[in-house]
Amino acid sequence: VGPCNRAAHASAVSAVEAPGQGPNPLVLHGPVGTGKTHLLEGIYAGLRKEQPEWRVVFATAEEFTNRFLPAMRLGKLASFRKHFRECDALLIDDLNFLASKRATQEEFLHTFDALQAEGRQVVVTCDCHPRLAEVFLPELTDRLVGGAVWGLMQPESATRLALLRAK
């Protein structure tokens with residue numbers, strides 16, 4: 001943890017210690033190599049440890065899309081929705097993958113709304129701030145910025161050195 005990720009890390013810890021009770025969703029954004037996926041994996045591991053009875057779903061936006069499209073074509077949306085909407089926490093990596101995929105964004109938006117209505121924790125990562133992602137539906141952008149949005153930066157030299165020592 002360093003100046004490049006301190007706020008995002010604190011929010012990640014909060015999402016594990018009190019899921020759904022703080023700002024929701026938690027959105028982590030930044031360029032490649034800043035630790036977004038690492039923090040998301042840490043949240044997943046933390047939730048599995050702290051809430052072993054919970055069903056925590058961790059998927060990439062590509063996996064979400066690759067499950068949604070066949071479910072829609074084959075008339076199996078109920079099963080798809082059960083998997084993603086009846087979980088205790090939903091963690092989605094690389095939400096930017098949904099860019100220009102209107103139907104998938106709408107499905108994610110409805111999934112998000114269903115989870116939030118139940119007080120479930122939602123955490124997503126993307127490569128830029130949701131307001132700068134012009135390819136997201138405006139409704140999706142509004143939902144994403146309704147929680148905590150934290151940018152991660154490239155680690156400065158002291159944090160990089162600490163990372164190397166830890167490895």
# chains A, B, ... in the order shown; residues from 1 in each chain; ligands from 1

$ residues_around --residues "Leu140 of chain A" --least-positions-apart "5" --cutoff "8 Å" --atoms "only C-alpha atoms" --output "count of residues only"
3

$ residues_around --residues "Ile92 of chain A" --least-positions-apart "5" --cutoff "10 Å" --atoms "only C-alpha atoms" --output "PDB file with N, CA and C atoms, in the first residue's frame"
ATOM      1  N   VAL A  27     -15.851   1.158  -7.357  1.00  0.00           N
ATOM      2  CA  VAL A  27     -15.279   1.154  -8.702  1.00  0.00           C
ATOM      3  C   VAL A  27     -13.796   1.496  -8.586  1.00  0.00           C
ATOM      4  N   THR A  37      -6.897  -5.519 -10.616  1.00  0.00           N
ATOM      5  CA  THR A  37      -7.279  -6.934 -10.515  1.00  0.00           C
ATOM      6  C   THR A  37      -6.746  -7.533  -9.223  1.00  0.00           C
ATOM      7  N   LEU A  40      -9.087  -6.575  -6.552  1.00  0.00           N
ATOM      8  CA  LEU A  40     -10.341  -7.314  -6.718  1.00  0.00           C
ATOM      9  C   LEU A  40     -10.192  -8.755  -6.231  1.00  0.00           C
ATOM     10  N   VAL A  57     -19.513 -14.086  -6.466  1.00  0.00           N
ATOM     11  CA  VAL A  57     -19.273 -14.313  -7.890  1.00  0.00           C
ATOM     12  C   VAL A  57     -18.197 -13.347  -8.354  1.00  0.00           C
ATOM     13  N   PHE A  58     -17.133 -13.918  -8.903  1.00  0.00           N
ATOM     14  CA  PHE A  58     -16.018 -13.142  -9.458  1.00  0.00           C
ATOM     15  C   PHE A  58     -15.886 -13.533 -10.916  1.00  0.00           C
ATOM     16  N   ALA A  59     -16.038 -12.565 -11.810  1.00  0.00           N
ATOM     17  CA  ALA A  59     -15.960 -12.841 -13.244  1.00  0.00           C
ATOM     18  C   ALA A  59     -15.400 -11.627 -13.959  1.00  0.00           C
ATOM     19  N   THR A  60     -14.854 -11.866 -15.122  1.00  0.00           N
ATOM     20  CA  THR A  60     -14.474 -10.743 -15.970  1.00  0.00           C
ATOM     21  C   THR A  60     -15.721 -10.303 -16.733  1.00  0.00           C
ATOM     22  N   ALA A  61     -15.694  -9.084 -17.236  1.00  0.00           N
ATOM     23  CA  ALA A  61     -16.816  -8.615 -18.048  1.00  0.00           C
ATOM     24  C   ALA A  61     -16.930  -9.457 -19.318  1.00  0.00           C
ATOM     25  N   GLU A  62     -15.819  -9.964 -19.797  1.00  0.00           N
ATOM     26  CA  GLU A  62     -15.865 -10.839 -20.961  1.00  0.00           C
ATOM     27  C   GLU A  62     -16.610 -12.133 -20.627  1.00  0.00           C
ATOM     28  N   GLU A  63     -16.343 -12.717 -19.447  1.00  0.00           N
ATOM     29  CA  GLU A  63     -17.072 -13.918 -19.033  1.00  0.00           C
ATOM     30  C   GLU A  63     -18.565 -13.628 -18.875  1.00  0.00           C
ATOM     31  N   PHE A  64     -18.891 -12.469 -18.294  1.00  0.00           N
ATOM     32  CA  PHE A  64     -20.293 -12.069 -18.152  1.00  0.00           C
ATOM     33  C   PHE A  64     -20.950 -12.042 -19.526  1.00  0.00           C
ATOM     34  N   VAL A 122     -21.222  -4.778  -4.697  1.00  0.00           N
ATOM     35  CA  VAL A 122     -20.790  -4.849  -6.085  1.00  0.00           C
ATOM     36  C   VAL A 122     -19.460  -4.106  -6.192  1.00  0.00           C
ATOM     37  N   VAL A 123     -18.475  -4.769  -6.807  1.00  0.00           N
ATOM     38  CA  VAL A 123     -17.169  -4.151  -7.038  1.00  0.00           C
ATOM     39  C   VAL A 123     -16.800  -4.384  -8.492  1.00  0.00           C
ATOM     40  N   VAL A 124     -16.388  -3.323  -9.171  1.00  0.00           N
ATOM     41  CA  VAL A 124     -15.971  -3.451 -10.566  1.00  0.00           C
ATOM     42  C   VAL A 124     -14.641  -2.736 -10.773  1.00  0.00           C
ATOM     43  N   THR A 125     -13.916  -3.206 -11.796  1.00  0.00           N
ATOM     44  CA  THR A 125     -12.720  -2.495 -12.222  1.00  0.00           C
ATOM     45  C   THR A 125     -12.916  -2.080 -13.675  1.00  0.00           C
ATOM     46  N   CYS A 126     -12.294  -0.985 -14.045  1.00  0.00           N
ATOM     47  CA  CYS A 126     -12.292  -0.548 -15.442  1.00  0.00           C
ATOM     48  C   CYS A 126     -11.054   0.302 -15.684  1.00  0.00           C
TER      49      CYS A 126
END

$ closest_residue --among "A:Val135, A:Pro23, A:Leu90, A:Glu17" --to "Lys49 of chain A" --atoms "only C-alpha atoms"
A:Glu17

$ closest_residue --among "A:Leu161, A:Ala148, A:Leu77, A:Leu69" --to "Ala10 of chain A" --atoms "only C-alpha atoms"
A:Ala148

$ closest_atom_pairs --of "segment 41-70 of chain A" --to "segment 113-120 of chain A" --cutoff "12 Å" --atoms "only C-alpha atoms" --output "JSON lines"
{"residue": "A:Trp54", "atom": "CA", "partner": "A:Arg120", "partner_atom": "CA", "distance": 10.9}
{"residue": "A:Arg55", "atom": "CA", "partner": "A:Arg120", "partner_atom": "CA", "distance": 10.9}
{"residue": "A:Val56", "atom": "CA", "partner": "A:Arg120", "partner_atom": "CA", "distance": 10.1}
{"residue": "A:Val57", "atom": "CA", "partner": "A:Arg120", "partner_atom": "CA", "distance": 11.4}

$ atom_distance --atom1 "atom CA of Phe68 of chain A" --atom2 "atom CA of Ala89 of chain A"
18.4 Å
